[in-house]
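Read through the structure below, which is laid out as structure tokens, and then see the notes.
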Amino acid sequence: MATKKLLTSDKYLTDKKQDIIHLAEYLVNDCFNEASVLAVNATGKRYSISRAGMNVSDDSLLCTRGFVIRVTDGEKWAEHSCNSINPEDYSKISSSLKELIKKRGKSTACEKHSVAEEKDAAHYTEYEIHPEEMGDESILAWIEKVRSKTLACDDKLMDCSVFCSYANTAKFFVKKTPDKLVQKEQSLLWMTGGISVMASRGDEIKDYYKGYSNLGGAEVLKEMENDCESIAKSVVALLDSCQIEPGEYECICAPDVTGLIVHEAFGHGVEMDMFVKNRALAEEYIDKYVASPLVTMHDGATAAKQTATFYFDDEGVDGQDTIIIEKGVLKRGISDLRSAYQTKTEPTGNGRRESYKRKAYTRMTNTFFEAGKDKPEDMIASIKYGFLLENASSGMEDPKNWGIQCMVNVAKEIKDGKLTGKIFSPIVLTGYVPDLLKSITMISDEVVLSGGGYCGKGYKEWVKVSDGGPYIKARIRLG
């Protein structure tokens, strides 16, 4: 086993700590009841190789450095963001915040919320190989090797695209009241990758994609290299795939498909700012059965170790492990400070910003179904006729009406409890969320999460998320 290392404090934020603390103290001494400062310093790069060539670039979504200052006068709140903080700026920042408070008027509720006693804390990611230490040339050489190795597996492969990216994100948070100062810091490192292949036979062209992710470093590249042969076989097998006859079938969902269902079915639908806007049906089903008693669902920044892991959110609330569905019963949603205040609930540490320039919204983190007690082979053996669904690609949901539509690339036929070798593709998975989840009769004993993608709030406000779960057996409409 490789030796694990631990990230250290970010030098830039360490150098700015005293300025940040003094600003918070200045604002409280000036006139505000409470002041907090979130400081962010993040770096990240993306690497790719395909028939079109190699590319390495800074990731504009990941690379950011700036500050968010939030204050309250006890009745109203205001925020100010900037990309630098110096002692000579304190007065100007305070004046700007006073003006914002004044403009908000008397009707604006303050988002101050009582939370569990806050304490100083520091958290750092473990990793084996830091991509910055590995260097651009070595990373490009590695993904070129993955591409070449994959293409060599079969002459039906037209192209293979390989990419990877990483983010090293450091945050320092200070909260000051007249009688207390709280400091929190975290340095997080994750890395993702993906292999996309295309195969052809005559006029038939098929594609296949597999993603990779970890809370850690470039060790994810080893995992990618180990999968070259299986990915080539998977895309070539799709050349013999058939179209499925639409209907409702008994299905086994692989963890990636389970994750897509979890994300789309009860992801945005339990973000409690959607409750406030009356855009989520879930609000009406708190403490009611919405799934099989076998189903327990989690969301939380500390619920798993993946790309959406963090230890405090962008409002300074500690990351948590929130149980959303417990044995089939919808228990609660997830929230930022504002939606928690408006719904009179405790905040869950899901206040996230795309960057320091953007406001915080309620956002998912690590979202997944809990493990059960079954074995995947026993689940397959239990099916008279149905499908094993693998290789999820995309999804859509309607939190107002609880509809779901997911695209899945592979449906492997099961007949009399055995895989026949016949494959159907592509597959559209649809249904009414409670019907689908209540039909779950078996859940496997191992949970797998992946975090290669981003999630938007509608069409914007992108943040890193992960999702997954065990294998599940359910009745699902396919087309």
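By order in the structure tokens, chains are A, B, ...; within a chain, residues start at 1; ligands start at 1, following the order shown.
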
Next item on the list: Enumerate as a VMD selection string all residues of range 135-273 of chain A assigned to strand (DSSP E) by DSSP on the backbone, naming them with the chain letters and numbers the document uses.
Entry: chain A and resid 157 to 177 180 to 201 204 to 215 247 to 253

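Within the 12 Å cut-off around Asp58 in chain A, using only C-alpha atoms and omitting residues fewer than 4 positions from it on the same chain, the listed residues are Ala42, Thr43, Gly44, Lys45, Arg46, Tyr47, Ser48, Leu62, Cys63, Thr64, Asp136, Ser165, Tyr166 and Ala167 of chain A.
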
Filtering to C-alpha atoms, could you give me those residues as a PDB file, in the first residue's frame?
```pdb
ATOM      1  CA  ALA A  42      -8.097  27.266  -5.409  1.00  0.00           C
ATOM      2  CA  THR A  43      -5.971  25.953  -8.237  1.00  0.00           C
ATOM      3  CA  GLY A  44      -6.810  23.332 -10.817  1.00  0.00           C
ATOM      4  CA  LYS A  45      -5.851  22.013 -14.249  1.00  0.00           C
ATOM      5  CA  ARG A  46      -7.421  19.933 -16.963  1.00  0.00           C
ATOM      6  CA  TYR A  47      -5.508  17.566 -19.276  1.00  0.00           C
ATOM      7  CA  SER A  48      -6.872  15.859 -22.376  1.00  0.00           C
ATOM      8  CA  LEU A  62     -11.814  25.714 -10.460  1.00  0.00           C
ATOM      9  CA  CYS A  63      -9.151  28.429 -10.301  1.00  0.00           C
ATOM     10  CA  THR A  64     -10.324  31.188  -8.001  1.00  0.00           C
ATOM     11  CA  ASP A 136       2.196  18.456 -16.612  1.00  0.00           C
ATOM     12  CA  SER A 165      -8.465  17.179 -13.977  1.00  0.00           C
ATOM     13  CA  TYR A 166      -7.731  18.130 -10.407  1.00  0.00           C
ATOM     14  CA  ALA A 167      -8.567  20.842  -7.908  1.00  0.00           C
TER      15      ALA A 167
END
```

Next item on the list: Identify which of the residues A:Trp402, A:Tyr356, A:Phe266, A:Tyr249 lies closest to Asn83 in chain A, counting only C-alpha atoms when measuring atom-to-atom distances.
Entry: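 Looking at the shortest contact to Asn83 in chain A, the residue is A:Tyr356.
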
Next item on the list: Would you list the contacts of Met407 in chain A as a PyMOL selection string, taking every protein, DNA or RNA residue within 10 Å and counting only C-alpha atoms, but skipping same-chain residues closer than 5 positions in sequence?
Entry: chain A and resi 257+260+391-396+425-430+478-479

Selection file, N, CA and C atoms, as a short mmCIF file (atom, residue, chain, number, x, y, z; two decimals), in the first residue's frame:
```cif
data_model
loop_
_atom_site.label_atom_id
_atom_site.label_comp_id
_atom_site.auth_asym_id
_atom_site.auth_seq_id
_atom_site.Cartn_x
_atom_site.Cartn_y
_atom_site.Cartn_z
N VAL A 257 -25.94 3.72 -12.05
CA VAL A 257 -27.33 3.98 -12.41
C VAL A 257 -28.13 4.32 -11.15
N LEU A 260 -27.47 7.90 -10.38
CA LEU A 260 -28.19 8.83 -11.24
C LEU A 260 -29.65 8.94 -10.78
N ASN A 391 -23.82 1.82 -16.92
CA ASN A 391 -23.26 2.91 -17.71
C ASN A 391 -24.26 4.05 -17.91
N ALA A 392 -24.64 4.66 -16.79
CA ALA A 392 -25.54 5.83 -16.84
C ALA A 392 -24.86 6.98 -17.55
N SER A 393 -25.65 7.77 -18.29
CA SER A 393 -25.04 8.87 -19.03
C SER A 393 -25.60 10.24 -18.66
N SER A 394 -26.92 10.38 -18.50
CA SER A 394 -27.48 11.69 -18.17
C SER A 394 -28.88 11.51 -17.60
N GLY A 395 -29.41 12.58 -17.00
CA GLY A 395 -30.74 12.49 -16.43
C GLY A 395 -31.41 13.83 -16.30
N MET A 396 -32.73 13.80 -16.12
CA MET A 396 -33.54 14.99 -15.90
C MET A 396 -34.58 14.66 -14.85
N SER A 425 -29.33 -1.23 -26.28
CA SER A 425 -28.79 0.13 -26.13
C SER A 425 -29.30 1.01 -27.27
N PRO A 426 -29.50 2.31 -27.00
CA PRO A 426 -29.51 3.00 -25.70
C PRO A 426 -30.84 2.79 -25.00
N ILE A 427 -30.90 3.14 -23.72
CA ILE A 427 -32.07 2.91 -22.89
C ILE A 427 -32.52 4.23 -22.25
N VAL A 428 -33.83 4.45 -22.27
CA VAL A 428 -34.42 5.57 -21.54
C VAL A 428 -35.19 5.01 -20.35
N LEU A 429 -34.82 5.43 -19.17
CA LEU A 429 -35.46 4.99 -17.93
C LEU A 429 -36.39 6.11 -17.47
N THR A 430 -37.68 5.82 -17.30
CA THR A 430 -38.63 6.85 -16.90
C THR A 430 -39.52 6.35 -15.77
N LEU A 478 -38.78 1.05 -19.12
CA LEU A 478 -37.68 1.28 -20.05
C LEU A 478 -38.20 1.51 -21.45
N GLY A 479 -37.46 2.28 -22.21
CA GLY A 479 -37.85 2.53 -23.59
C GLY A 479 -36.65 2.91 -24.43
#
```

Note to self: Which residue is closest to Tyr209 in chain A? Choose from A:Glu390, A:Tyr26, A:Lys464, A:Arg352 and count only C-alpha atoms.
What the structure shows: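 Ranking A:Glu390, A:Tyr26, A:Lys464, A:Arg352 by distance to Tyr209 in chain A, first place goes to A:Glu390.
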